[in-house]
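Trainee: model34.txt is reproduced in full below (compact mmCIF, N, CA, C and O atoms).
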# COMPACT_ATOMS: atom_id res chain seq x y z
N MET A 136 -20.45 2.07 -4.01
CA MET A 136 -20.00 3.12 -4.90
C MET A 136 -19.38 2.46 -6.14
O MET A 136 -18.60 1.53 -6.04
N SER A 137 -19.72 2.97 -7.27
CA SER A 137 -19.23 2.43 -8.53
C SER A 137 -17.80 2.89 -8.82
O SER A 137 -17.45 4.04 -8.50
N PRO A 138 -16.99 2.04 -9.44
CA PRO A 138 -15.64 2.48 -9.81
C PRO A 138 -15.63 3.66 -10.78
O PRO A 138 -14.61 4.33 -10.93
N ASP A 139 -16.77 3.93 -11.41
CA ASP A 139 -16.86 5.08 -12.31
C ASP A 139 -17.03 6.40 -11.56
O ASP A 139 -16.84 7.47 -12.13
N ASN A 140 -17.37 6.33 -10.28
CA ASN A 140 -17.56 7.52 -9.47
C ASN A 140 -16.20 8.18 -9.22
O ASN A 140 -15.25 7.51 -8.83
N PRO A 141 -16.07 9.50 -9.43
CA PRO A 141 -14.79 10.18 -9.22
C PRO A 141 -14.26 10.08 -7.78
O PRO A 141 -13.07 10.22 -7.54
N LEU A 142 -15.14 9.80 -6.83
CA LEU A 142 -14.72 9.66 -5.44
C LEU A 142 -14.28 8.25 -5.08
O LEU A 142 -13.79 8.00 -3.98
N TYR A 143 -14.44 7.32 -6.02
CA TYR A 143 -14.06 5.93 -5.78
C TYR A 143 -12.56 5.85 -5.53
O TYR A 143 -11.76 6.38 -6.29
N GLY A 144 -12.17 5.19 -4.45
CA GLY A 144 -10.76 5.01 -4.15
C GLY A 144 -10.14 6.12 -3.34
O GLY A 144 -8.94 6.13 -3.09
N ILE A 145 -10.94 7.09 -2.90
CA ILE A 145 -10.44 8.20 -2.09
C ILE A 145 -10.93 8.00 -0.66
O ILE A 145 -12.13 7.85 -0.42
N GLU A 146 -10.00 7.99 0.29
CA GLU A 146 -10.36 7.84 1.70
C GLU A 146 -11.02 9.12 2.21
O GLU A 146 -10.66 10.23 1.80
N LYS A 147 -11.95 8.97 3.13
CA LYS A 147 -12.61 10.12 3.74
C LYS A 147 -11.64 10.86 4.65
O LYS A 147 -10.69 10.28 5.17
N GLU A 148 -11.90 12.14 4.85
CA GLU A 148 -11.11 12.97 5.77
C GLU A 148 -11.12 12.34 7.16
O GLU A 148 -12.15 11.84 7.61
N GLY A 149 -9.99 12.31 7.81
CA GLY A 149 -9.88 11.72 9.14
C GLY A 149 -9.56 10.24 9.13
O GLY A 149 -9.46 9.62 10.18
N MET A 150 -9.38 9.65 7.95
CA MET A 150 -9.09 8.22 7.84
C MET A 150 -7.62 7.97 7.48
O MET A 150 -7.28 6.93 6.93
N GLU A 151 -6.76 8.94 7.82
CA GLU A 151 -5.35 8.81 7.49
C GLU A 151 -4.73 7.62 8.23
O GLU A 151 -5.18 7.24 9.29
N GLY A 152 -3.68 7.08 7.64
CA GLY A 152 -2.92 6.04 8.32
C GLY A 152 -2.00 6.67 9.34
O GLY A 152 -1.68 7.86 9.25
N LEU A 153 -1.57 5.92 10.32
CA LEU A 153 -0.65 6.43 11.33
C LEU A 153 0.66 5.67 11.23
O LEU A 153 0.71 4.46 11.49
N LEU A 154 1.72 6.37 10.84
CA LEU A 154 3.04 5.79 10.73
C LEU A 154 3.78 6.07 12.03
O LEU A 154 3.88 7.22 12.46
N THR A 155 4.27 5.03 12.67
CA THR A 155 5.03 5.18 13.91
C THR A 155 6.41 4.56 13.71
O THR A 155 6.52 3.43 13.24
N TYR A 156 7.44 5.32 14.05
CA TYR A 156 8.81 4.82 13.93
C TYR A 156 9.70 5.54 14.93
O TYR A 156 9.28 6.51 15.57
N TYR A 157 10.92 5.06 15.08
CA TYR A 157 11.90 5.68 15.96
C TYR A 157 13.00 6.30 15.11
O TYR A 157 13.52 5.65 14.20
N ASP A 158 13.37 7.54 15.42
CA ASP A 158 14.43 8.20 14.67
C ASP A 158 15.80 7.77 15.20
O ASP A 158 15.90 6.92 16.08
N ASN A 159 16.86 8.36 14.65
CA ASN A 159 18.21 7.95 15.04
C ASN A 159 18.57 8.34 16.47
O ASN A 159 19.60 7.92 16.99
N LYS A 160 17.74 9.15 17.13
CA LYS A 160 17.94 9.49 18.55
C LYS A 160 17.02 8.68 19.44
O LYS A 160 16.83 8.99 20.60
N ASN A 161 16.42 7.64 18.86
CA ASN A 161 15.49 6.74 19.55
C ASN A 161 14.24 7.46 20.06
O ASN A 161 13.64 7.05 21.05
N GLN A 162 13.88 8.54 19.39
CA GLN A 162 12.65 9.25 19.71
C GLN A 162 11.50 8.67 18.88
O GLN A 162 11.65 8.46 17.67
N LYS A 163 10.39 8.42 19.53
CA LYS A 163 9.23 7.88 18.83
C LYS A 163 8.58 8.99 18.00
O LYS A 163 8.25 10.04 18.53
N ILE A 164 8.40 8.73 16.73
CA ILE A 164 7.80 9.68 15.81
C ILE A 164 6.50 9.09 15.29
O ILE A 164 6.45 7.93 14.90
N ARG A 165 5.44 9.90 15.31
CA ARG A 165 4.15 9.47 14.76
C ARG A 165 3.70 10.51 13.74
O ARG A 165 3.70 11.70 14.02
N LYS A 166 3.36 10.03 12.56
CA LYS A 166 2.91 10.92 11.48
C LYS A 166 1.65 10.36 10.86
O LYS A 166 1.56 9.16 10.61
N LYS A 167 0.72 11.25 10.58
CA LYS A 167 -0.46 10.84 9.82
C LYS A 167 -0.09 10.85 8.34
O LYS A 167 0.54 11.78 7.85
N ILE A 168 -0.48 9.79 7.65
CA ILE A 168 -0.17 9.64 6.23
C ILE A 168 -1.48 9.58 5.46
O ILE A 168 -2.29 8.67 5.67
N LYS A 169 -1.69 10.54 4.58
CA LYS A 169 -2.89 10.55 3.75
C LYS A 169 -2.75 9.49 2.65
O LYS A 169 -1.71 9.40 1.99
N ALA A 170 -3.77 8.70 2.47
CA ALA A 170 -3.75 7.67 1.44
C ALA A 170 -3.89 8.31 0.06
O ALA A 170 -4.63 9.27 -0.13
N GLU A 171 -3.18 7.76 -0.90
CA GLU A 171 -3.33 8.19 -2.29
C GLU A 171 -4.56 7.50 -2.87
O GLU A 171 -4.96 6.44 -2.40
N LYS A 172 -5.12 8.11 -3.89
CA LYS A 172 -6.26 7.49 -4.56
C LYS A 172 -5.82 6.13 -5.09
O LYS A 172 -4.77 6.00 -5.71
N SER A 173 -6.64 5.14 -4.82
CA SER A 173 -6.27 3.78 -5.21
C SER A 173 -7.51 2.94 -5.44
O SER A 173 -8.63 3.37 -5.16
N SER A 174 -7.28 1.74 -5.93
CA SER A 174 -8.37 0.82 -6.19
C SER A 174 -7.81 -0.59 -6.30
O SER A 174 -6.74 -0.79 -6.87
N TYR A 175 -8.53 -1.55 -5.75
CA TYR A 175 -8.11 -2.94 -5.90
C TYR A 175 -8.17 -3.38 -7.36
O TYR A 175 -7.51 -4.33 -7.75
N LEU A 176 -8.94 -2.68 -8.17
CA LEU A 176 -9.02 -3.03 -9.59
C LEU A 176 -7.64 -2.93 -10.24
O LEU A 176 -7.29 -3.74 -11.10
N THR A 177 -6.84 -1.95 -9.82
CA THR A 177 -5.49 -1.80 -10.34
C THR A 177 -4.64 -3.01 -9.96
O THR A 177 -3.90 -3.55 -10.77
N LEU A 178 -4.77 -3.45 -8.71
CA LEU A 178 -4.03 -4.63 -8.26
C LEU A 178 -4.42 -5.86 -9.06
O LEU A 178 -3.56 -6.62 -9.51
N PHE A 179 -5.71 -6.05 -9.26
CA PHE A 179 -6.18 -7.21 -10.02
C PHE A 179 -5.65 -7.18 -11.45
O PHE A 179 -5.28 -8.22 -12.02
N GLU A 180 -5.59 -6.00 -12.04
CA GLU A 180 -5.05 -5.86 -13.39
C GLU A 180 -3.56 -6.21 -13.42
O GLU A 180 -3.09 -6.88 -14.35
N GLU A 181 -2.82 -5.79 -12.40
CA GLU A 181 -1.39 -6.12 -12.32
C GLU A 181 -1.18 -7.63 -12.18
O GLU A 181 -0.27 -8.20 -12.80
N VAL A 182 -2.00 -8.28 -11.38
CA VAL A 182 -1.91 -9.74 -11.23
C VAL A 182 -2.20 -10.41 -12.57
O VAL A 182 -1.48 -11.31 -13.00
N TYR A 183 -3.25 -9.98 -13.23
CA TYR A 183 -3.61 -10.54 -14.54
C TYR A 183 -2.46 -10.38 -15.53
O TYR A 183 -2.08 -11.34 -16.21
N GLN A 184 -1.91 -9.17 -15.62
CA GLN A 184 -0.83 -8.92 -16.58
C GLN A 184 0.41 -9.77 -16.26
O GLN A 184 1.09 -10.26 -17.17
N SER A 185 0.66 -9.97 -14.98
CA SER A 185 1.80 -10.79 -14.57
C SER A 185 1.61 -12.26 -14.97
O SER A 185 2.53 -12.89 -15.48
N ILE A 186 0.41 -12.77 -14.74
CA ILE A 186 0.13 -14.19 -15.04
C ILE A 186 -0.03 -14.43 -16.54
O ILE A 186 0.57 -15.34 -17.10
N ARG A 187 -0.84 -13.62 -17.19
CA ARG A 187 -1.18 -13.89 -18.59
C ARG A 187 -0.16 -13.36 -19.59
O ARG A 187 0.03 -13.94 -20.65
N ASN A 188 0.47 -12.24 -19.27
CA ASN A 188 1.37 -11.61 -20.25
C ASN A 188 2.81 -11.54 -19.78
O ASN A 188 3.63 -10.84 -20.39
N ASN A 189 3.12 -12.26 -18.69
CA ASN A 189 4.49 -12.36 -18.18
C ASN A 189 5.13 -11.00 -17.90
O ASN A 189 6.33 -10.82 -18.05
N LYS A 190 4.29 -10.03 -17.51
CA LYS A 190 4.81 -8.70 -17.14
C LYS A 190 5.31 -8.77 -15.70
O LYS A 190 4.77 -9.51 -14.88
N PRO A 191 6.33 -8.00 -15.37
CA PRO A 191 6.82 -8.03 -13.99
C PRO A 191 5.79 -7.49 -13.01
O PRO A 191 5.12 -6.49 -13.29
N TYR A 192 5.65 -8.18 -11.89
CA TYR A 192 4.73 -7.73 -10.84
C TYR A 192 5.37 -6.53 -10.15
O TYR A 192 6.58 -6.51 -9.93
N PRO A 193 4.61 -5.49 -9.81
CA PRO A 193 5.20 -4.25 -9.29
C PRO A 193 5.82 -4.37 -7.90
O PRO A 193 6.56 -3.49 -7.48
N VAL A 194 5.55 -5.46 -7.18
CA VAL A 194 6.14 -5.67 -5.86
C VAL A 194 7.03 -6.90 -5.95
O VAL A 194 6.58 -7.97 -6.36
N THR A 195 8.28 -6.73 -5.56
CA THR A 195 9.23 -7.84 -5.66
C THR A 195 9.03 -8.82 -4.50
O THR A 195 8.46 -8.49 -3.47
N ARG A 196 9.54 -10.02 -4.71
CA ARG A 196 9.49 -11.04 -3.65
C ARG A 196 10.18 -10.54 -2.39
O ARG A 196 9.70 -10.74 -1.28
N GLU A 197 11.32 -9.86 -2.56
CA GLU A 197 12.07 -9.33 -1.42
C GLU A 197 11.25 -8.29 -0.65
O GLU A 197 11.30 -8.24 0.58
N GLN A 198 10.50 -7.45 -1.36
CA GLN A 198 9.66 -6.45 -0.71
C GLN A 198 8.54 -7.12 0.09
O GLN A 198 8.21 -6.69 1.20
N ILE A 199 7.96 -8.16 -0.47
CA ILE A 199 6.89 -8.88 0.23
C ILE A 199 7.44 -9.53 1.49
O ILE A 199 6.83 -9.44 2.56
N ILE A 200 8.60 -10.16 1.40
CA ILE A 200 9.22 -10.80 2.56
C ILE A 200 9.55 -9.75 3.63
O ILE A 200 9.31 -9.97 4.82
N ALA A 201 10.06 -8.60 3.23
CA ALA A 201 10.36 -7.53 4.19
C ALA A 201 9.10 -7.07 4.91
O ALA A 201 9.11 -6.85 6.12
N GLN A 202 7.99 -6.93 4.18
CA GLN A 202 6.73 -6.53 4.78
C GLN A 202 6.25 -7.58 5.77
O GLN A 202 5.76 -7.24 6.86
N LEU A 203 6.36 -8.85 5.42
CA LEU A 203 5.96 -9.92 6.32
C LEU A 203 6.80 -9.92 7.60
O LEU A 203 6.28 -10.11 8.70
N ASN A 204 8.10 -9.66 7.45
CA ASN A 204 8.97 -9.59 8.63
C ASN A 204 8.56 -8.46 9.55
O ASN A 204 8.57 -8.60 10.78
N ILE A 205 8.20 -7.32 8.99
CA ILE A 205 7.74 -6.19 9.80
C ILE A 205 6.46 -6.56 10.54
O ILE A 205 6.32 -6.30 11.74
N LEU A 206 5.53 -7.19 9.85
CA LEU A 206 4.25 -7.56 10.48
C LEU A 206 4.42 -8.59 11.59
O LEU A 206 3.66 -8.60 12.54
N GLU A 207 5.44 -9.44 11.47
CA GLU A 207 5.66 -10.48 12.47
C GLU A 207 6.32 -9.96 13.74
O GLU A 207 6.35 -10.64 14.74
N GLN A 208 6.87 -8.76 13.70
CA GLN A 208 7.55 -8.21 14.88
C GLN A 208 6.59 -7.74 15.93
O GLN A 208 5.53 -7.33 15.74
Could you spell out this file's structure in structure tokens?

Mentor:
Amino acid sequence: MSPDNPLYGIEKEGMEGLLTYYDNKNQKIRKKIKAEKSSYLTLFEEVYQSIRNNKPYPVTREQIIAQLNILEQ
């Protein structure tokens, strides 16, 4: 599918993410999360702007480390 296609970057119905967490009563909560329209092209543009034009990257080092810690658990 071409990035020019209006459906590019939209997940199909039934492809929601599943968020699982525990609330303050230690109850397991599961929620389906619909993905927002997105594209890796946006990410590549952000990387380019950060490297070539010294623009701040939209994800901080601390956020990346926090995500890695979650994945390692």

Trainee: Rounded to one decimal, what separation in Å do you get between CA of Gly152 in chain A and CA of Ala170 in chain A?

Mentor: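 Going from CA of Gly152 in chain A over to CA of Ala170 in chain A, I get 7.1 Å.
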
Trainee: Once DSSP has gone over the backbone, tell me which residues of chain A are in helix (DSSP H, G or I), as a compact mmCIF listing (two decimals) with N, CA, C and O atoms, in the coordinates of the input.

Mentor:
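Result file is part03.txt:
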# COMPACT_ATOMS: atom_id res chain seq x y z
N TYR A 175 -8.53 -1.55 -5.75
CA TYR A 175 -8.11 -2.94 -5.90
C TYR A 175 -8.17 -3.38 -7.36
O TYR A 175 -7.51 -4.33 -7.75
N LEU A 176 -8.94 -2.68 -8.17
CA LEU A 176 -9.02 -3.03 -9.59
C LEU A 176 -7.64 -2.93 -10.24
O LEU A 176 -7.29 -3.74 -11.10
N THR A 177 -6.84 -1.95 -9.82
CA THR A 177 -5.49 -1.80 -10.34
C THR A 177 -4.64 -3.01 -9.96
O THR A 177 -3.90 -3.55 -10.77
N LEU A 178 -4.77 -3.45 -8.71
CA LEU A 178 -4.03 -4.63 -8.26
C LEU A 178 -4.42 -5.86 -9.06
O LEU A 178 -3.56 -6.62 -9.51
N PHE A 179 -5.71 -6.05 -9.26
CA PHE A 179 -6.18 -7.21 -10.02
C PHE A 179 -5.65 -7.18 -11.45
O PHE A 179 -5.28 -8.22 -12.02
N GLU A 180 -5.59 -6.00 -12.04
CA GLU A 180 -5.05 -5.86 -13.39
C GLU A 180 -3.56 -6.21 -13.42
O GLU A 180 -3.09 -6.88 -14.35
N GLU A 181 -2.82 -5.79 -12.40
CA GLU A 181 -1.39 -6.12 -12.32
C GLU A 181 -1.18 -7.63 -12.18
O GLU A 181 -0.27 -8.20 -12.80
N VAL A 182 -2.00 -8.28 -11.38
CA VAL A 182 -1.91 -9.74 -11.23
C VAL A 182 -2.20 -10.41 -12.57
O VAL A 182 -1.48 -11.31 -13.00
N TYR A 183 -3.25 -9.98 -13.23
CA TYR A 183 -3.61 -10.54 -14.54
C TYR A 183 -2.46 -10.38 -15.53
O TYR A 183 -2.08 -11.34 -16.21
N GLN A 184 -1.91 -9.17 -15.62
CA GLN A 184 -0.83 -8.92 -16.58
C GLN A 184 0.41 -9.77 -16.26
O GLN A 184 1.09 -10.26 -17.17
N SER A 185 0.66 -9.97 -14.98
CA SER A 185 1.80 -10.79 -14.57
C SER A 185 1.61 -12.26 -14.97
O SER A 185 2.53 -12.89 -15.48
N ILE A 186 0.41 -12.77 -14.74
CA ILE A 186 0.13 -14.19 -15.04
C ILE A 186 -0.03 -14.43 -16.54
O ILE A 186 0.57 -15.34 -17.10
N ARG A 187 -0.84 -13.62 -17.19
CA ARG A 187 -1.18 -13.89 -18.59
C ARG A 187 -0.16 -13.36 -19.59
O ARG A 187 0.03 -13.94 -20.65
N ASN A 188 0.47 -12.24 -19.27
CA ASN A 188 1.37 -11.61 -20.25
C ASN A 188 2.81 -11.54 -19.78
O ASN A 188 3.63 -10.84 -20.39
N ARG A 196 9.54 -10.02 -4.71
CA ARG A 196 9.49 -11.04 -3.65
C ARG A 196 10.18 -10.54 -2.39
O ARG A 196 9.70 -10.74 -1.28
N GLU A 197 11.32 -9.86 -2.56
CA GLU A 197 12.07 -9.33 -1.42
C GLU A 197 11.25 -8.29 -0.65
O GLU A 197 11.30 -8.24 0.58
N GLN A 198 10.50 -7.45 -1.36
CA GLN A 198 9.66 -6.45 -0.71
C GLN A 198 8.54 -7.12 0.09
O GLN A 198 8.21 -6.69 1.20
N ILE A 199 7.96 -8.16 -0.47
CA ILE A 199 6.89 -8.88 0.23
C ILE A 199 7.44 -9.53 1.49
O ILE A 199 6.83 -9.44 2.56
N ILE A 200 8.60 -10.16 1.40
CA ILE A 200 9.22 -10.80 2.56
C ILE A 200 9.55 -9.75 3.63
O ILE A 200 9.31 -9.97 4.82
N ALA A 201 10.06 -8.60 3.23
CA ALA A 201 10.36 -7.53 4.19
C ALA A 201 9.10 -7.07 4.91
O ALA A 201 9.11 -6.85 6.12
N GLN A 202 7.99 -6.93 4.18
CA GLN A 202 6.73 -6.53 4.78
C GLN A 202 6.25 -7.58 5.77
O GLN A 202 5.76 -7.24 6.86
N LEU A 203 6.36 -8.85 5.42
CA LEU A 203 5.96 -9.92 6.32
C LEU A 203 6.80 -9.92 7.60
O LEU A 203 6.28 -10.11 8.70
N ASN A 204 8.10 -9.66 7.45
CA ASN A 204 8.97 -9.59 8.63
C ASN A 204 8.56 -8.46 9.55
O ASN A 204 8.57 -8.60 10.78
N ILE A 205 8.20 -7.32 8.99
CA ILE A 205 7.74 -6.19 9.80
C ILE A 205 6.46 -6.56 10.54
O ILE A 205 6.32 -6.30 11.74
N LEU A 206 5.53 -7.19 9.85
CA LEU A 206 4.25 -7.56 10.48
C LEU A 206 4.42 -8.59 11.59
O LEU A 206 3.66 -8.60 12.54
N GLU A 207 5.44 -9.44 11.47
CA GLU A 207 5.66 -10.48 12.47
C GLU A 207 6.32 -9.96 13.74
O GLU A 207 6.35 -10.64 14.74

Trainee: For a test of reading the model, state the distance in Å between atom O of Leu203 in chain A and CA of Ile145 in chain A, rounded to one decimal.

Mentor: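 Atom-to-atom, atom O of Leu203 in chain A and CA of Ile145 in chain A are spaced 27.0 Å apart.
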
Trainee: If you measure from CA of Asp158 in chain A to CA of Leu206 in chain A, what distance in Å do you get, rounded to one decimal?

Mentor: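 Distance between the two atoms: 19.2 Å.
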
Trainee: Nearest to Tyr143 in chain A: which of A:Gln198, A:Asn204, A:Lys172, A:Ser185 is it, counting all atoms listed in the file?

Mentor: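 Looking at the shortest contact to Tyr143 in chain A, the residue is A:Lys172.
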